[in-house]
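Novice: Data file query14.pdb (PDB, C-alpha atoms and all ligand atoms) is appended below.
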```
ATOM      1  CA  MET A   1      34.342 -49.027  83.256  1.00  0.00           C
ATOM      2  CA  LYS A   2      31.025 -48.740  81.466  1.00  0.00           C
ATOM      3  CA  LEU A   3      30.893 -48.624  77.672  1.00  0.00           C
ATOM      4  CA  SER A   4      30.028 -45.275  76.134  1.00  0.00           C
ATOM      5  CA  GLU A   5      26.546 -45.048  74.699  1.00  0.00           C
ATOM      6  CA  LYS A   6      27.898 -44.802  71.157  1.00  0.00           C
ATOM      7  CA  LEU A   7      30.146 -47.811  71.513  1.00  0.00           C
ATOM      8  CA  LEU A   8      27.409 -49.844  73.207  1.00  0.00           C
ATOM      9  CA  LYS A   9      25.051 -49.071  70.335  1.00  0.00           C
ATOM     10  CA  ALA A  10      27.649 -50.121  67.762  1.00  0.00           C
ATOM     11  CA  LEU A  11      28.449 -53.380  69.596  1.00  0.00           C
ATOM     12  CA  VAL A  12      24.761 -54.241  69.978  1.00  0.00           C
ATOM     13  CA  ALA A  13      24.267 -53.638  66.245  1.00  0.00           C
ATOM     14  CA  GLN A  14      27.196 -56.003  65.635  1.00  0.00           C
ATOM     15  CA  VAL A  15      25.488 -58.683  67.749  1.00  0.00           C
ATOM     16  CA  ASN A  16      22.498 -58.391  65.439  1.00  0.00           C
ATOM     17  CA  MET A  17      24.728 -58.510  62.350  1.00  0.00           C
ATOM     18  CA  GLU A  18      26.383 -61.734  63.557  1.00  0.00           C
ATOM     19  CA  PHE A  19      23.026 -63.410  64.189  1.00  0.00           C
ATOM     20  CA  ALA A  20      21.804 -62.196  60.786  1.00  0.00           C
ATOM     21  CA  SER A  21      24.966 -63.693  59.248  1.00  0.00           C
ATOM     22  CA  GLY A  22      24.125 -67.023  60.837  1.00  0.00           C
ATOM     23  CA  TYR A  23      20.588 -66.813  59.527  1.00  0.00           C
ATOM     24  CA  LEU A  24      21.925 -66.092  56.032  1.00  0.00           C
ATOM     25  CA  TYR A  25      24.402 -69.001  56.124  1.00  0.00           C
ATOM     26  CA  ARG A  26      21.781 -71.424  57.355  1.00  0.00           C
ATOM     27  CA  SER A  27      19.456 -70.411  54.516  1.00  0.00           C
ATOM     28  CA  MET A  28      22.308 -70.891  52.038  1.00  0.00           C
ATOM     29  CA  SER A  29      23.007 -74.333  53.467  1.00  0.00           C
ATOM     30  CA  HIS A  30      19.342 -75.198  53.045  1.00  0.00           C
ATOM     31  CA  ASP A  31      19.408 -74.228  49.374  1.00  0.00           C
ATOM     32  CA  MET A  32      22.635 -76.173  48.774  1.00  0.00           C
ATOM     33  CA  LYS A  33      21.120 -79.254  50.409  1.00  0.00           C
ATOM     34  CA  ASN A  34      18.252 -78.975  47.971  1.00  0.00           C
ATOM     35  CA  LEU A  35      20.818 -79.013  45.136  1.00  0.00           C
ATOM     36  CA  ALA A  36      22.423 -82.151  46.649  1.00  0.00           C
ATOM     37  CA  LEU A  37      25.615 -80.202  47.380  1.00  0.00           C
ATOM     38  CA  ASN A  38      25.940 -81.766  50.798  1.00  0.00           C
ATOM     39  CA  GLY A  39      29.600 -80.844  51.283  1.00  0.00           C
ATOM     40  CA  TYR A  40      28.997 -77.137  50.814  1.00  0.00           C
ATOM     41  CA  ALA A  41      25.822 -77.403  52.899  1.00  0.00           C
ATOM     42  CA  LYS A  42      27.868 -78.885  55.737  1.00  0.00           C
ATOM     43  CA  TRP A  43      30.500 -76.159  55.341  1.00  0.00           C
ATOM     44  CA  LEU A  44      27.773 -73.503  55.541  1.00  0.00           C
ATOM     45  CA  ASP A  45      26.244 -75.178  58.604  1.00  0.00           C
ATOM     46  CA  LYS A  46      29.621 -74.908  60.342  1.00  0.00           C
ATOM     47  CA  GLN A  47      29.707 -71.249  59.376  1.00  0.00           C
ATOM     48  CA  TYR A  48      26.251 -70.814  60.868  1.00  0.00           C
ATOM     49  CA  GLU A  49      27.603 -72.205  64.163  1.00  0.00           C
ATOM     50  CA  GLU A  50      30.579 -69.858  63.975  1.00  0.00           C
ATOM     51  CA  GLU A  51      28.367 -66.825  63.528  1.00  0.00           C
ATOM     52  CA  ARG A  52      26.428 -67.846  66.603  1.00  0.00           C
ATOM     53  CA  THR A  53      29.669 -67.942  68.596  1.00  0.00           C
ATOM     54  CA  HIS A  54      30.657 -64.511  67.218  1.00  0.00           C
ATOM     55  CA  ALA A  55      27.352 -63.088  68.491  1.00  0.00           C
ATOM     56  CA  LEU A  56      27.601 -64.818  71.889  1.00  0.00           C
ATOM     57  CA  LYS A  57      31.168 -63.634  72.432  1.00  0.00           C
ATOM     58  CA  LEU A  58      30.036 -60.049  71.811  1.00  0.00           C
ATOM     59  CA  ILE A  59      27.079 -60.433  74.183  1.00  0.00           C
ATOM     60  CA  GLY A  60      29.404 -61.771  76.879  1.00  0.00           C
ATOM     61  CA  TYR A  61      31.737 -58.819  76.450  1.00  0.00           C
ATOM     62  CA  ILE A  62      28.899 -56.291  76.625  1.00  0.00           C
ATOM     63  CA  GLU A  63      27.677 -57.995  79.802  1.00  0.00           C
ATOM     64  CA  ASP A  64      31.179 -57.842  81.293  1.00  0.00           C
ATOM     65  CA  ARG A  65      31.196 -54.122  80.581  1.00  0.00           C
ATOM     66  CA  ASP A  66      27.841 -53.703  82.294  1.00  0.00           C
ATOM     67  CA  GLY A  67      25.925 -52.975  79.088  1.00  0.00           C
ATOM     68  CA  VAL A  68      22.378 -53.870  78.107  1.00  0.00           C
ATOM     69  CA  VAL A  69      21.803 -55.750  74.850  1.00  0.00           C
ATOM     70  CA  ASP A  70      18.599 -55.138  72.927  1.00  0.00           C
ATOM     71  CA  PHE A  71      17.588 -58.288  71.072  1.00  0.00           C
ATOM     72  CA  THR A  72      16.189 -56.589  68.007  1.00  0.00           C
ATOM     73  CA  ASP A  73      14.619 -58.220  64.929  1.00  0.00           C
ATOM     74  CA  ILE A  74      16.969 -60.242  62.781  1.00  0.00           C
ATOM     75  CA  ALA A  75      16.801 -59.394  59.089  1.00  0.00           C
ATOM     76  CA  GLY A  76      15.141 -62.052  56.957  1.00  0.00           C
ATOM     77  CA  VAL A  77      16.712 -63.687  53.934  1.00  0.00           C
ATOM     78  CA  LYS A  78      14.783 -62.736  50.846  1.00  0.00           C
ATOM     79  CA  LYS A  79      16.354 -64.956  48.254  1.00  0.00           C
ATOM     80  CA  HIS A  80      16.948 -68.543  47.258  1.00  0.00           C
ATOM     81  CA  TYR A  81      20.059 -69.757  45.520  1.00  0.00           C
ATOM     82  CA  SER A  82      20.063 -72.022  42.518  1.00  0.00           C
ATOM     83  CA  ASN A  83      23.846 -72.348  42.205  1.00  0.00           C
ATOM     84  CA  PRO A  84      26.803 -72.467  44.586  1.00  0.00           C
ATOM     85  CA  LEU A  85      28.874 -69.802  42.836  1.00  0.00           C
ATOM     86  CA  ASP A  86      26.227 -67.181  43.677  1.00  0.00           C
ATOM     87  CA  VAL A  87      26.289 -68.344  47.292  1.00  0.00           C
ATOM     88  CA  ALA A  88      30.073 -68.041  47.430  1.00  0.00           C
ATOM     89  CA  LYS A  89      30.049 -64.585  45.801  1.00  0.00           C
ATOM     90  CA  ASP A  90      27.346 -63.296  48.152  1.00  0.00           C
ATOM     91  CA  SER A  91      29.215 -64.773  51.134  1.00  0.00           C
ATOM     92  CA  LEU A  92      32.350 -62.898  50.140  1.00  0.00           C
ATOM     93  CA  ALA A  93      30.457 -59.605  49.736  1.00  0.00           C
ATOM     94  CA  HIS A  94      28.779 -60.242  53.078  1.00  0.00           C
ATOM     95  CA  GLU A  95      32.064 -60.916  54.877  1.00  0.00           C
ATOM     96  CA  GLU A  96      33.590 -57.773  53.382  1.00  0.00           C
ATOM     97  CA  ALA A  97      30.669 -55.798  54.824  1.00  0.00           C
ATOM     98  CA  VAL A  98      31.181 -57.453  58.223  1.00  0.00           C
ATOM     99  CA  SER A  99      34.892 -56.595  58.118  1.00  0.00           C
ATOM    100  CA  ALA A 100      34.050 -52.963  57.362  1.00  0.00           C
ATOM    101  CA  SER A 101      31.639 -52.910  60.277  1.00  0.00           C
ATOM    102  CA  ILE A 102      34.201 -54.348  62.727  1.00  0.00           C
ATOM    103  CA  ARG A 103      36.815 -51.876  61.489  1.00  0.00           C
ATOM    104  CA  SER A 104      34.485 -48.946  62.074  1.00  0.00           C
ATOM    105  CA  ILE A 105      33.708 -50.078  65.646  1.00  0.00           C
ATOM    106  CA  PHE A 106      37.425 -50.524  66.269  1.00  0.00           C
ATOM    107  CA  LYS A 107      38.062 -46.956  65.067  1.00  0.00           C
ATOM    108  CA  LEU A 108      35.274 -45.682  67.316  1.00  0.00           C
ATOM    109  CA  ALA A 109      36.843 -47.470  70.306  1.00  0.00           C
ATOM    110  CA  ARG A 110      40.175 -45.853  69.442  1.00  0.00           C
ATOM    111  CA  GLU A 111      38.584 -42.414  69.108  1.00  0.00           C
ATOM    112  CA  GLU A 112      37.000 -42.835  72.509  1.00  0.00           C
ATOM    113  CA  GLY A 113      40.136 -44.162  74.147  1.00  0.00           C
ATOM    114  CA  ASP A 114      38.388 -47.426  75.090  1.00  0.00           C
ATOM    115  CA  LEU A 115      41.493 -49.599  75.215  1.00  0.00           C
ATOM    116  CA  GLU A 116      39.696 -52.741  76.407  1.00  0.00           C
ATOM    117  CA  THR A 117      37.267 -52.688  73.488  1.00  0.00           C
ATOM    118  CA  GLU A 118      40.184 -52.259  71.079  1.00  0.00           C
ATOM    119  CA  VAL A 119      41.810 -55.364  72.523  1.00  0.00           C
ATOM    120  CA  PHE A 120      38.535 -57.269  72.445  1.00  0.00           C
ATOM    121  CA  LEU A 121      37.924 -56.375  68.808  1.00  0.00           C
ATOM    122  CA  GLN A 122      41.390 -57.456  67.700  1.00  0.00           C
ATOM    123  CA  TRP A 123      40.153 -61.044  67.682  1.00  0.00           C
ATOM    124  CA  TYR A 124      37.348 -60.065  65.300  1.00  0.00           C
ATOM    125  CA  LEU A 125      39.715 -58.206  62.968  1.00  0.00           C
ATOM    126  CA  THR A 126      41.895 -61.316  62.694  1.00  0.00           C
ATOM    127  CA  GLU A 127      38.872 -63.571  62.305  1.00  0.00           C
ATOM    128  CA  GLN A 128      37.581 -61.436  59.432  1.00  0.00           C
ATOM    129  CA  VAL A 129      40.827 -61.905  57.518  1.00  0.00           C
ATOM    130  CA  GLU A 130      40.218 -65.679  57.741  1.00  0.00           C
ATOM    131  CA  GLU A 131      36.550 -65.314  56.797  1.00  0.00           C
ATOM    132  CA  GLU A 132      37.434 -63.379  53.656  1.00  0.00           C
ATOM    133  CA  VAL A 133      40.123 -65.897  52.665  1.00  0.00           C
ATOM    134  CA  ASN A 134      37.645 -68.763  53.054  1.00  0.00           C
ATOM    135  CA  ALA A 135      34.979 -66.959  51.058  1.00  0.00           C
ATOM    136  CA  ARG A 136      37.471 -66.090  48.300  1.00  0.00           C
ATOM    137  CA  ASP A 137      38.669 -69.704  48.127  1.00  0.00           C
ATOM    138  CA  ASN A 138      35.084 -70.851  47.700  1.00  0.00           C
ATOM    139  CA  VAL A 139      34.463 -68.349  44.913  1.00  0.00           C
ATOM    140  CA  ALA A 140      37.622 -69.580  43.144  1.00  0.00           C
ATOM    141  CA  GLY A 141      36.676 -73.250  43.602  1.00  0.00           C
ATOM    142  CA  PHE A 142      33.127 -72.899  42.325  1.00  0.00           C
ATOM    143  CA  GLU A 143      34.332 -70.652  39.498  1.00  0.00           C
ATOM    144  CA  LYS A 144      36.628 -73.457  38.262  1.00  0.00           C
ATOM    145  CA  ALA A 145      33.885 -76.056  38.729  1.00  0.00           C
ATOM    146  CA  LYS A 146      31.081 -74.148  37.078  1.00  0.00           C
ATOM    147  CA  ASP A 147      31.328 -75.941  33.717  1.00  0.00           C
ATOM    148  CA  CYS A 148      32.418 -79.336  34.955  1.00  0.00           C
ATOM    149  CA  ASP A 149      30.229 -81.650  37.028  1.00  0.00           C
ATOM    150  CA  GLY A 150      33.217 -83.789  37.996  1.00  0.00           C
ATOM    151  CA  LEU A 151      35.092 -80.817  39.431  1.00  0.00           C
ATOM    152  CA  LEU A 152      31.951 -79.643  41.185  1.00  0.00           C
ATOM    153  CA  TYR A 153      31.565 -83.062  42.781  1.00  0.00           C
ATOM    154  CA  MET A 154      35.193 -83.044  43.921  1.00  0.00           C
ATOM    155  CA  PHE A 155      35.120 -79.508  45.287  1.00  0.00           C
ATOM    156  CA  ASP A 156      31.890 -80.184  47.132  1.00  0.00           C
ATOM    157  CA  ALA A 157      33.424 -83.321  48.688  1.00  0.00           C
ATOM    158  CA  HIS A 158      36.493 -81.278  49.695  1.00  0.00           C
ATOM    159  CA  LEU A 159      34.282 -78.734  51.505  1.00  0.00           C
ATOM    160  CA  ALA A 160      32.727 -81.517  53.570  1.00  0.00           C
ATOM    161  CA  ASP A 161      36.120 -81.873  55.323  1.00  0.00           C
ATOM    162  CA  ARG A 162      35.875 -78.489  56.996  1.00  0.00           C
TER     163      ARG A 162
HETATM  164 FE    FE B 201      30.903 -63.299  62.071  1.00  0.00          FE
HETATM  165 FE    FE B 202      35.860 -68.183  60.938  1.00  0.00          FE
END
```
Would you mind writing the file's structure down as structure tokens?
Specialist:
Amino acid sequence: MKLSEKLLKALVAQVNMEFASGYLYRSMSHDMKNLALNGYAKWLDKQYEEERTHALKLIGYIEDRDGVVDFTDIAGVKKHYSNPLDVAKDSLAHEEAVSASIRSIFKLAREEGDLETEVFLQWYLTEQVEEEVNARDNVAGFEKAKDCDGLLYMFDAHLADR
């Protein structure tokens, strides 16, 4: 069964959002490397890879449903970060926006009675719970470390284990 036009449009927009997420995380990693926070930079690089897989999984699904993906412009990243707490806070806000987007596509699939897309999107709903937990943990860690270089060093080293 072919995807409805509305659902196809929403899924294609989500592909773009996942690539844009990757772009954002890679820019954050770059800024953290420049602050010698190599653990967090590595963590963010892994996240960049994850976002790529999120986008590719969506593209594969759209292809399986006989849809055409438009590879539209990916939004640029307009800012640089001078501390990791800002990165963690922006990551959390970003993931909350992604969760909202996935939820709205899921609701659309339900409205349209597209059972397969509901099932497909369940993975993304679950993944977003994990993404928000990770982002919240990072906010909490960098919040505690913000006035203590020793703690910052330790937390950064801990993130390298991801
Ligand atoms: Fe994602
Ligand atoms: Fe994840």
Novice: Could you list, as number ranges by chain, all the residues within 7 Å of ligand FE 202 (chain B), counting all atoms listed in the file?
Specialist: A: 50, 127, 130-131
Novice: Can you tell me how far CA of Glu51 (chain A) sits from CA of Glu18 (chain A), in Å to one decimal?
Specialist: 5.5 Å
Novice: Have a look at CA of Thr117 (chain A) and CA of Arg52 (chain A) and let me know their distance in Å, one decimal.
Specialist: 19.9 Å
Novice: Of the candidates A:Leu44, A:Val68, A:Leu58, A:Ala97, which shows the shortest atom-to-atom distance to Leu159 (chain A), using all atoms listed in the file?
Specialist: A:Leu44
Novice: So which one's closest to Arg136 (chain A), A:Cys148, A:Leu85, A:Ala41, A:Ile105? Using only C-alpha atoms, please.
Specialist: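 Between A:Cys148, A:Leu85, A:Ala41, A:Ile105, the residue approaching Arg136 (chain A) most closely is A:Leu85.
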Novice: Produce as a ChimeraX atom specification the set of residues near ligand FE 201 (chain B), where near means within 12 Å with all atoms listed in the file considered.
Specialist: /A:14-25,46-58,91,94-102,121,123-132
Novice: Got a sec to resolve the PyMOL selection byres (((chain A and resi 37) around 12) and not hetatm) on this structure and send the residues as a ChimeraX atom specification?
Specialist: /A:28-36,38-44,81-85,87,142,149,152-160
Novice: By how many Å are CA of Leu8 (chain A) and CA of Gly67 (chain A) apart?
Specialist: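 CA of Leu8 (chain A) sits 6.8 Å away from CA of Gly67 (chain A).
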Novice: Which neighbours of Val12 (chain A) fall inside 8 Å, counting all atoms listed in the file, when residues of the same chain fewer than 5 positions from it are skipped, and could you give them as a list of chain:residue names?
Specialist: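 Those residues are A:Ile59, A:Val69, A:Asp70.
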Novice: From the set A:Phe120, A:Leu115, A:Leu92, A:His80, which residue has the shortest atom-to-atom contact distance to Gly60 (chain A), counting only C-alpha atoms?
Specialist: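 Closest to Gly60 (chain A), using only C-alpha atoms: A:Phe120.
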Novice: Which residue gives the smallest distance to Met1 (chain A) among A:Arg65, A:Arg26, A:Arg110, A:Lys144, with only C-alpha atoms counted?
Specialist: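 Nearest to Met1 (chain A): A:Arg65.
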Novice: Using all atoms listed in the file, can you tell me which of A:Ile62, A:Leu151, A:Ala109, A:Ala88 comes closest to Val139 (chain A)?
Specialist: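 For Val139 (chain A), the nearest of the candidates is A:Ala88.
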Novice: Could region 4-19 of chain A be completed with N, CA, C and O atoms and written as a tab-separated table (two decimals), in the coordinates of the input, please?
Specialist:
```
chain	number	residue	atom	x	y	z
A	4	SER	N	30.74	-46.51	76.51
A	4	SER	CA	30.03	-45.28	76.13
A	4	SER	C	28.75	-45.68	75.40
A	4	SER	O	28.64	-46.79	74.86
A	5	GLU	N	27.82	-44.76	75.36
A	5	GLU	CA	26.55	-45.05	74.70
A	5	GLU	C	26.74	-45.37	73.22
A	5	GLU	O	26.13	-46.29	72.68
A	6	LYS	N	27.64	-44.62	72.60
A	6	LYS	CA	27.90	-44.80	71.16
A	6	LYS	C	28.51	-46.17	70.87
A	6	LYS	O	28.12	-46.87	69.93
A	7	LEU	N	29.46	-46.53	71.70
A	7	LEU	CA	30.15	-47.81	71.51
A	7	LEU	C	29.19	-48.97	71.82
A	7	LEU	O	29.17	-49.98	71.10
A	8	LEU	N	28.39	-48.81	72.87
A	8	LEU	CA	27.41	-49.84	73.21
A	8	LEU	C	26.46	-50.07	72.03
A	8	LEU	O	26.20	-51.20	71.63
A	9	LYS	N	25.99	-48.98	71.46
A	9	LYS	CA	25.05	-49.07	70.33
A	9	LYS	C	25.69	-49.82	69.16
A	9	LYS	O	25.07	-50.68	68.52
A	10	ALA	N	26.94	-49.49	68.88
A	10	ALA	CA	27.65	-50.12	67.76
A	10	ALA	C	27.87	-51.62	68.02
A	10	ALA	O	27.71	-52.45	67.12
A	11	LEU	N	28.21	-51.97	69.26
A	11	LEU	CA	28.45	-53.38	69.60
A	11	LEU	C	27.15	-54.18	69.55
A	11	LEU	O	27.13	-55.33	69.09
A	12	VAL	N	26.06	-53.56	70.01
A	12	VAL	CA	24.76	-54.24	69.98
A	12	VAL	C	24.33	-54.47	68.52
A	12	VAL	O	23.81	-55.53	68.16
A	13	ALA	N	24.58	-53.48	67.68
A	13	ALA	CA	24.27	-53.64	66.24
A	13	ALA	C	25.10	-54.78	65.65
A	13	ALA	O	24.64	-55.53	64.79
A	14	GLN	N	26.33	-54.93	66.14
A	14	GLN	CA	27.20	-56.00	65.64
A	14	GLN	C	26.67	-57.38	66.08
A	14	GLN	O	26.75	-58.34	65.32
A	15	VAL	N	26.12	-57.44	67.29
A	15	VAL	CA	25.49	-58.68	67.75
A	15	VAL	C	24.41	-59.08	66.75
A	15	VAL	O	24.34	-60.23	66.28
A	16	ASN	N	23.58	-58.12	66.38
A	16	ASN	CA	22.50	-58.39	65.44
A	16	ASN	C	23.05	-58.84	64.08
A	16	ASN	O	22.55	-59.78	63.47
A	17	MET	N	24.13	-58.17	63.64
A	17	MET	CA	24.73	-58.51	62.35
A	17	MET	C	25.27	-59.95	62.35
A	17	MET	O	25.17	-60.66	61.35
A	18	GLU	N	25.84	-60.37	63.47
A	18	GLU	CA	26.38	-61.73	63.56
A	18	GLU	C	25.25	-62.77	63.53
A	18	GLU	O	25.36	-63.79	62.85
A	19	PHE	N	24.16	-62.48	64.25
A	19	PHE	CA	23.03	-63.41	64.19
A	19	PHE	C	22.43	-63.44	62.78
A	19	PHE	O	22.06	-64.49	62.27
```
